[in-house]
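*Asks:* My structure is stored as entry.txt, with compact mmCIF, C-alpha atoms.
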# COMPACT_ATOMS: atom_id res chain seq x y z
CA MET A 1 112.39 108.68 94.12
CA ASN A 2 108.86 110.06 93.74
CA PRO A 3 106.11 107.36 94.00
CA TYR A 4 103.72 109.49 91.93
CA ARG A 5 106.20 109.63 89.07
CA VAL A 6 106.69 105.85 89.22
CA LEU A 7 102.94 105.25 89.03
CA ALA A 8 102.53 107.85 86.25
CA VAL A 9 105.20 106.07 84.19
CA GLY A 10 103.29 102.81 84.68
CA ILE A 11 99.99 104.34 83.53
CA VAL A 12 101.46 105.92 80.38
CA ALA A 13 103.42 102.76 79.47
CA ASN A 14 100.38 100.52 79.95
CA ILE A 15 98.20 102.74 77.74
CA GLY A 16 100.72 102.41 74.90
CA ILE A 17 101.24 98.65 75.34
CA ALA A 18 97.50 97.94 75.58
CA ALA A 19 96.78 99.97 72.44
CA ILE A 20 99.46 98.15 70.43
CA LYS A 21 98.24 94.68 71.48
CA ILE A 22 94.53 95.37 70.94
CA ILE A 23 95.03 97.02 67.53
CA THR A 24 97.28 94.17 66.37
CA GLY A 25 94.81 91.61 67.71
CA ILE A 26 91.91 93.21 65.82
CA LEU A 27 93.92 93.47 62.59
CA TYR A 28 94.86 89.78 62.65
CA SER A 29 91.78 88.38 64.46
CA SER A 30 93.89 87.20 67.41
CA LEU A 31 91.77 86.61 70.49
CA ALA A 32 94.97 85.98 72.47
CA LEU A 33 96.38 89.43 71.67
CA ILE A 34 93.06 91.17 72.28
CA SER A 35 92.72 89.42 75.66
CA ASP A 36 96.31 90.32 76.54
CA GLY A 37 95.58 93.94 75.64
CA ILE A 38 92.53 93.92 77.89
CA HIS A 39 94.77 92.53 80.64
CA SER A 40 97.04 95.55 80.14
CA ILE A 41 94.00 97.80 80.52
CA SER A 42 93.40 96.16 83.91
CA ASP A 43 96.97 97.22 84.75
CA ILE A 44 96.02 100.81 83.96
CA LEU A 45 93.05 100.52 86.32
CA GLY A 46 95.21 98.96 89.05
CA THR A 47 97.96 101.58 88.71
CA SER A 48 95.40 104.40 88.73
CA ILE A 49 93.94 103.03 91.97
CA GLY A 50 97.48 102.78 93.34
CA TYR A 51 98.14 106.41 92.43
CA ILE A 52 95.04 107.52 94.33
CA GLY A 53 96.06 105.35 97.30
CA VAL A 54 99.52 106.91 97.52
CA ARG A 55 98.03 110.41 97.35
CA ILE A 56 95.62 109.68 100.20
CA SER A 57 97.99 107.67 102.44
CA SER A 58 100.67 110.41 102.34
CA LYS A 59 98.30 113.05 103.70
CA PRO A 60 99.27 114.33 107.18
CA PRO A 61 97.13 113.67 110.27
CA ASP A 62 93.93 115.70 110.55
CA LYS A 63 90.83 115.89 112.73
CA THR A 64 89.19 112.86 111.15
CA HIS A 65 92.40 110.78 111.02
CA PRO A 66 94.56 111.92 113.96
CA PHE A 67 97.12 109.12 113.40
CA GLY A 68 97.46 109.81 109.70
CA HIS A 69 96.15 108.07 106.61
CA SER A 70 98.64 105.19 106.33
CA ARG A 71 95.87 102.56 106.41
CA PHE A 72 94.76 103.70 102.96
CA GLU A 73 97.98 102.34 101.44
CA PRO A 74 97.36 98.65 102.32
CA LEU A 75 93.66 99.17 101.57
CA PHE A 76 94.40 100.17 97.99
CA ALA A 77 97.06 97.45 97.70
CA PHE A 78 94.36 94.96 98.78
CA ILE A 79 92.08 96.31 96.05
CA ILE A 80 94.84 95.72 93.49
CA GLY A 81 95.00 92.13 94.75
CA VAL A 82 91.26 91.78 94.11
CA ILE A 83 91.77 93.13 90.57
CA LEU A 84 94.45 90.49 90.03
CA ILE A 85 92.01 87.76 91.14
CA LEU A 86 89.43 89.01 88.63
CA THR A 87 92.11 89.17 85.94
CA ALA A 88 93.12 85.57 86.66
CA TYR A 89 89.49 84.50 86.40
CA GLU A 90 89.06 86.22 83.03
CA ILE A 91 92.25 84.68 81.62
CA GLY A 92 91.21 81.23 82.79
CA ARG A 93 87.68 81.65 81.42
CA GLU A 94 88.97 82.77 78.02
CA ALA A 95 91.44 79.87 77.95
CA LEU A 96 88.65 77.33 78.54
CA LYS A 97 86.54 79.02 75.88
CA ARG A 98 89.38 78.68 73.35
CA ILE A 99 89.75 74.98 74.16
CA SER A 100 86.05 74.36 73.54
CA SER A 101 85.95 76.36 70.29
CA ALA A 102 89.28 75.04 68.88
CA GLU A 103 89.62 78.27 66.88
CA PHE A 104 92.58 78.42 64.47
CA ILE A 105 94.32 81.62 63.34
CA GLN A 106 97.29 82.35 61.11
CA VAL A 107 100.24 83.53 63.19
CA ASN A 108 102.76 85.95 61.63
CA GLU A 109 105.98 87.69 62.67
CA ILE A 110 104.24 90.99 63.47
CA MET A 111 102.06 89.30 66.08
CA LEU A 112 105.05 87.55 67.62
CA GLY A 113 107.06 90.79 67.61
CA VAL A 114 104.29 92.66 69.44
CA VAL A 115 104.16 90.01 72.16
CA ILE A 116 107.95 89.97 72.58
CA PHE A 117 107.96 93.78 72.80
CA SER A 118 105.25 93.57 75.46
CA ILE A 119 107.23 91.01 77.51
CA VAL A 120 110.46 93.04 77.45
CA SER A 121 108.84 96.40 78.17
CA LYS A 122 106.59 95.09 80.94
CA GLU A 123 109.44 93.25 82.66
CA ALA A 124 111.47 96.49 82.59
CA LEU A 125 108.47 98.29 84.11
CA THR A 126 108.15 95.54 86.75
CA GLN A 127 111.79 95.91 87.84
CA TYR A 128 111.58 99.71 87.88
CA THR A 129 108.42 99.75 90.01
CA LEU A 130 109.57 96.95 92.34
CA ARG A 131 112.91 98.67 93.09
CA ALA A 132 111.10 101.92 93.82
CA GLY A 133 108.57 100.15 96.07
CA LYS A 134 111.25 98.40 98.11
CA ARG A 135 113.36 101.55 98.40
CA LEU A 136 110.38 103.58 99.62
CA ASN A 137 108.82 100.67 101.58
CA ASN A 138 105.63 101.43 99.65
CA GLN A 139 103.15 98.53 99.53
CA ILE A 140 101.15 100.03 96.69
CA LEU A 141 104.20 100.22 94.42
CA ILE A 142 105.20 96.66 95.32
CA ALA A 143 101.68 95.38 94.60
CA ASP A 144 101.62 97.33 91.36
CA ALA A 145 104.97 95.82 90.32
CA TYR A 146 103.52 92.32 90.70
CA HIS A 147 100.54 93.48 88.70
CA HIS A 148 102.96 94.38 85.89
CA ARG A 149 104.59 90.96 86.33
CA SER A 150 101.21 89.29 85.83
CA ASP A 151 101.05 90.97 82.42
CA VAL A 152 104.53 89.64 81.62
CA LEU A 153 103.39 86.11 82.50
CA SER A 154 100.23 86.37 80.43
CA SER A 155 102.23 87.69 77.46
CA ILE A 156 104.65 84.76 77.78
CA ALA A 157 101.65 82.43 77.69
CA VAL A 158 100.34 84.22 74.61
CA LEU A 159 103.76 83.95 72.95
CA ALA A 160 103.94 80.22 73.71
CA GLY A 161 100.40 79.75 72.48
CA LEU A 162 101.02 81.62 69.24
CA LEU A 163 104.20 79.63 68.62
CA PHE A 164 102.41 76.33 69.28
CA GLN A 165 99.55 77.44 67.06
CA LYS A 166 101.98 78.47 64.32
CA PHE A 167 103.27 74.90 64.31
CA GLY A 168 99.83 73.29 64.38
CA PHE A 169 99.02 72.72 68.09
CA ILE A 170 95.88 74.82 68.49
CA TYR A 171 95.44 74.25 72.25
CA GLY A 172 98.85 75.57 73.28
CA ASP A 173 97.78 79.13 74.13
CA SER A 174 94.75 77.90 76.08
CA LEU A 175 96.73 75.54 78.29
CA ALA A 176 99.38 78.19 78.90
CA GLY A 177 96.63 80.68 79.76
CA ILE A 178 95.25 78.38 82.47
CA ALA A 179 98.76 78.02 83.99
CA VAL A 180 99.25 81.80 83.97
CA ALA A 181 95.84 82.36 85.57
CA ALA A 182 96.90 80.10 88.43
CA MET A 183 100.18 82.03 88.90
CA ILE A 184 98.39 85.37 88.88
CA ALA A 185 95.86 84.11 91.42
CA LYS A 186 98.68 82.92 93.69
CA ALA A 187 100.40 86.35 93.55
CA ALA A 188 97.06 88.05 94.22
CA PHE A 189 96.33 85.97 97.31
CA GLU A 190 99.81 86.72 98.68
CA ILE A 191 99.28 90.47 98.21
CA MET A 192 95.84 90.30 99.82
CA GLU A 193 97.04 88.20 102.76
CA LYS A 194 99.93 90.55 103.55
CA ASN A 195 97.83 93.70 103.40
CA ILE A 196 94.87 92.31 105.31
CA HIS A 197 97.29 91.96 108.24
CA TYR A 198 98.18 95.65 107.95
CA LEU A 199 94.49 96.58 107.84
CA THR A 200 93.45 94.49 110.85
CA GLY A 201 96.18 95.62 113.28
CA MET A 202 98.30 92.48 113.35
CA CYS A 203 101.24 92.40 115.77
CA PRO A 204 104.75 92.39 114.27
CA ALA A 205 107.12 89.44 114.06
CA GLU A 206 108.94 88.34 117.23
CA GLU A 207 112.28 89.66 115.96
CA THR A 208 110.74 93.12 115.56
CA LEU A 209 109.45 93.02 119.14
CA GLU A 210 112.94 92.05 120.31
CA LYS A 211 114.37 94.98 118.39
CA ILE A 212 111.91 97.29 120.17
CA LYS A 213 112.84 95.86 123.57
CA ASP A 214 116.57 96.21 122.88
CA ALA A 215 116.14 99.82 121.75
CA ALA A 216 114.20 100.75 124.91
CA GLU A 217 116.60 98.94 127.27
CA SER A 218 119.62 100.61 125.63
CA VAL A 219 118.62 104.01 127.04
CA ASP A 220 120.50 105.00 130.21
CA GLY A 221 118.17 105.10 133.21
CA VAL A 222 115.77 102.41 131.98
CA GLU A 223 115.80 99.66 134.60
CA GLY A 224 113.21 97.45 132.98
CA ILE A 225 110.28 97.32 130.58
CA HIS A 226 106.88 95.63 130.62
CA ASP A 227 103.47 95.66 128.96
CA LEU A 228 104.93 96.04 125.48
CA ARG A 229 102.26 96.10 122.80
CA ALA A 230 102.68 96.83 119.10
CA HIS A 231 100.37 96.59 116.13
CA TYR A 232 100.25 97.81 112.56
CA VAL A 233 98.34 100.96 111.69
CA GLY A 234 98.57 100.66 107.94
CA LYS A 235 102.14 99.66 107.15
CA ASP A 236 103.54 101.51 110.19
CA LEU A 237 103.86 100.11 113.69
CA GLN A 238 102.26 101.78 116.68
CA VAL A 239 104.11 100.88 119.89
CA ASP A 240 102.86 101.14 123.46
CA ILE A 241 105.45 100.39 126.15
CA HIS A 242 105.99 100.85 129.90
CA ILE A 243 109.51 101.61 131.11
CA GLU A 244 110.76 101.49 134.72
CA VAL A 245 113.00 104.19 136.16
CA SER A 246 114.52 104.54 139.58
CA GLU A 247 112.43 106.24 142.25
CA ASP A 248 115.29 108.65 142.99
CA LYS A 249 114.93 110.26 139.56
CA THR A 250 113.39 113.71 139.38
CA LEU A 251 110.30 114.27 137.28
CA LYS A 252 112.39 116.02 134.62
CA GLU A 253 114.98 113.23 134.56
CA ALA A 254 112.25 110.60 134.17
CA HIS A 255 110.61 112.65 131.42
CA ASP A 256 113.92 112.99 129.56
CA ILE A 257 114.48 109.23 129.76
CA GLY A 258 111.00 108.62 128.32
CA THR A 259 111.66 111.11 125.53
CA GLU A 260 114.91 109.36 124.62
CA VAL A 261 113.17 105.97 124.58
CA LYS A 262 110.53 107.35 122.23
CA LYS A 263 113.24 108.76 119.99
CA ARG A 264 115.11 105.43 119.86
CA LEU A 265 111.91 103.52 119.05
CA ARG A 266 110.94 105.87 116.23
CA GLU A 267 114.37 105.34 114.67
CA ILE A 268 113.34 101.73 113.98
CA GLU A 269 112.26 101.61 110.34
CA GLU A 270 108.80 100.09 110.81
CA VAL A 271 107.80 102.19 113.84
CA GLY A 272 105.57 105.14 113.01
CA GLU A 273 104.47 106.17 116.53
CA ALA A 274 105.48 105.22 120.07
CA PHE A 275 103.71 105.82 123.37
CA VAL A 276 106.00 105.53 126.39
CA HIS A 277 104.60 105.18 129.92
CA ILE A 278 107.00 105.80 132.82
CA ASP A 279 106.73 103.61 135.94
CA ILE A 280 108.76 104.02 139.12
CA SER A 281 110.70 100.96 140.17
CA GLY A 282 111.32 100.14 143.81
CA GLU A 283 109.28 99.19 146.82
CA ASN A 284 106.49 101.65 146.18
CA ASP A 285 105.77 101.02 142.56
CA GLY A 286 103.82 103.74 140.88
CA LYS A 287 103.48 105.74 137.72
CA ILE A 288 104.57 109.20 136.78
Show me the file's structure as structure tokens.
*Replies:*
Amino acid sequence: MNPYRVLAVGIVANIGIAAIKIITGILYSSLALISDGIHSISDILGTSIGYIGVRISSKPPDKTHPFGHSRFEPLFAFIIGVILILTAYEIGREALKRISSAEFIQVNEIMLGVVIFSIVSKEALTQYTLRAGKRLNNQILIADAYHHRSDVLSSIAVLAGLLFQKFGFIYGDSLAGIAVAAMIAKAAFEIMEKNIHYLTGMCPAEETLEKIKDAAESVDGVEGIHDLRAHYVGKDLQVDIHIEVSEDKTLKEAHDIGTEVKKRLREIEEVGEAFVHIDISGENDGKI
């Protein structure tokens, strides 16, 4: 599955959905629909940023980035999280403004139909993008999927508000909007927290370290390991490990053991690069 195609589908779909909501909102003087359409425009901005992030993070290593460009992926995912925070703020601000103004509009079936169409189509887009992100282990796609989900939640709030307003409770959409803003903010903070760890070189979970140890110790000729260090470079792990081999091994045999350890470590899904140092075990400890 091509991540660029997934993001392109999201951009095109959001343009269409945003246009439908804003035009309907203008025709029927619905601030809720106009605001929801503007929220969809923020999705277009977020997906466009995600598209750029995928393009940059997939570039091979070069002179300026000898370990690749994988850090750009969580960086752009973090930016999407910031956009979500701003979106939550705008929804909450508009909701409070509606409460203070107590504005009343006539709700019709066309308005309700547009919102229902938006909910169904955006949830389908959420599931499509989320499955692709998990399959490709792509943080930008996963963040973008939750961005689509935020639009689903805001549209549900708009639908509830329009229904309440249709039956005479003019504050329904405003109260629902505040609840949705809180949910969007929560999702945004989770995205930002996860990706800030990738950006700052956080060490992996203990079970991942155990998996690395087991992989290294499973290689014939490895008599022990020490000084294991691992940290995230973007979403990929960089591993630095010392292995011990018997002093009766030849230089070639020790080198082959180290090569096999590196191969086993790089077979672990999260590991992007591994640096293996070979130490001689025995009375006269030393390094090759």
*Asks:* Might you pull out every residue within 9 Å of range 154-165 of chain A, with all atoms listed in the file counted and same-chain residues fewer than 3 positions away left off, and present them as a VMD selection string?
*Replies:* chain A and resid 32 to 33 36 39 91 104 to 108 111 to 112 115 to 116 118 to 119 149 to 151 168 to 181 184
*Asks:* May I have the residues at most 12 Å from (92.8, 86.8, 86.0) in the file's coordinates, counting only C-alpha atoms, as a count of residues only?
*Replies:* 41
*Asks:* Any idea what the distance is between CA of His65 in chain A and CA of Asp256 in chain A?
*Replies:*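 Between CA of His65 in chain A and CA of Asp256 in chain A the gap works out to 28.5 Å.
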*Asks:* Given all atoms listed in the file as the basis, pick out the residue of A:Ala205, A:Met1, A:Leu265, A:Ile278 nearest to Arg131 in chain A.
*Replies:*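 Looking only at the distances to Arg131 in chain A, the closest residue turns out to be A:Met1.
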*Asks:* Between A:Ile22, A:Ile56, A:Ile44, A:Ala254, which residue has the minimum interatomic distance to Ala8 in chain A, considering all atoms listed in the file?
*Replies:*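 Ranked by minimum distance to Ala8 in chain A, first place goes to A:Ile44.
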*Asks:* Please measure the separation of CA of Ser57 in chain A and CA of His69 in chain A, giving the value in Å to one decimal.
*Replies:*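 Atom-to-atom, CA of Ser57 in chain A to CA of His69 in chain A, that is 4.6 Å.
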*Asks:* Would you mind listing what lies within 8 Å of range 242-253 of chain A as a list in words, with only C-alpha atoms counted and same-chain residues fewer than 5 positions away left out?
*Replies:*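 Contacts, with the query itself left out: Ala216, Gly221, Val222, Glu223, Gly224, Ile225, His226, Asp227, Leu228, Gly258, Val276, His277, Ile278, Asp279, Ile280, Ser281, Gly282 and Ile288 of chain A.
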*Asks:* Have a look at CA of Glu73 in chain A and CA of Tyr198 in chain A and let me know their distance in Å, one decimal.
*Replies:*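 Result for CA of Glu73 in chain A versus CA of Tyr198 in chain A: 9.3 Å, one decimal.
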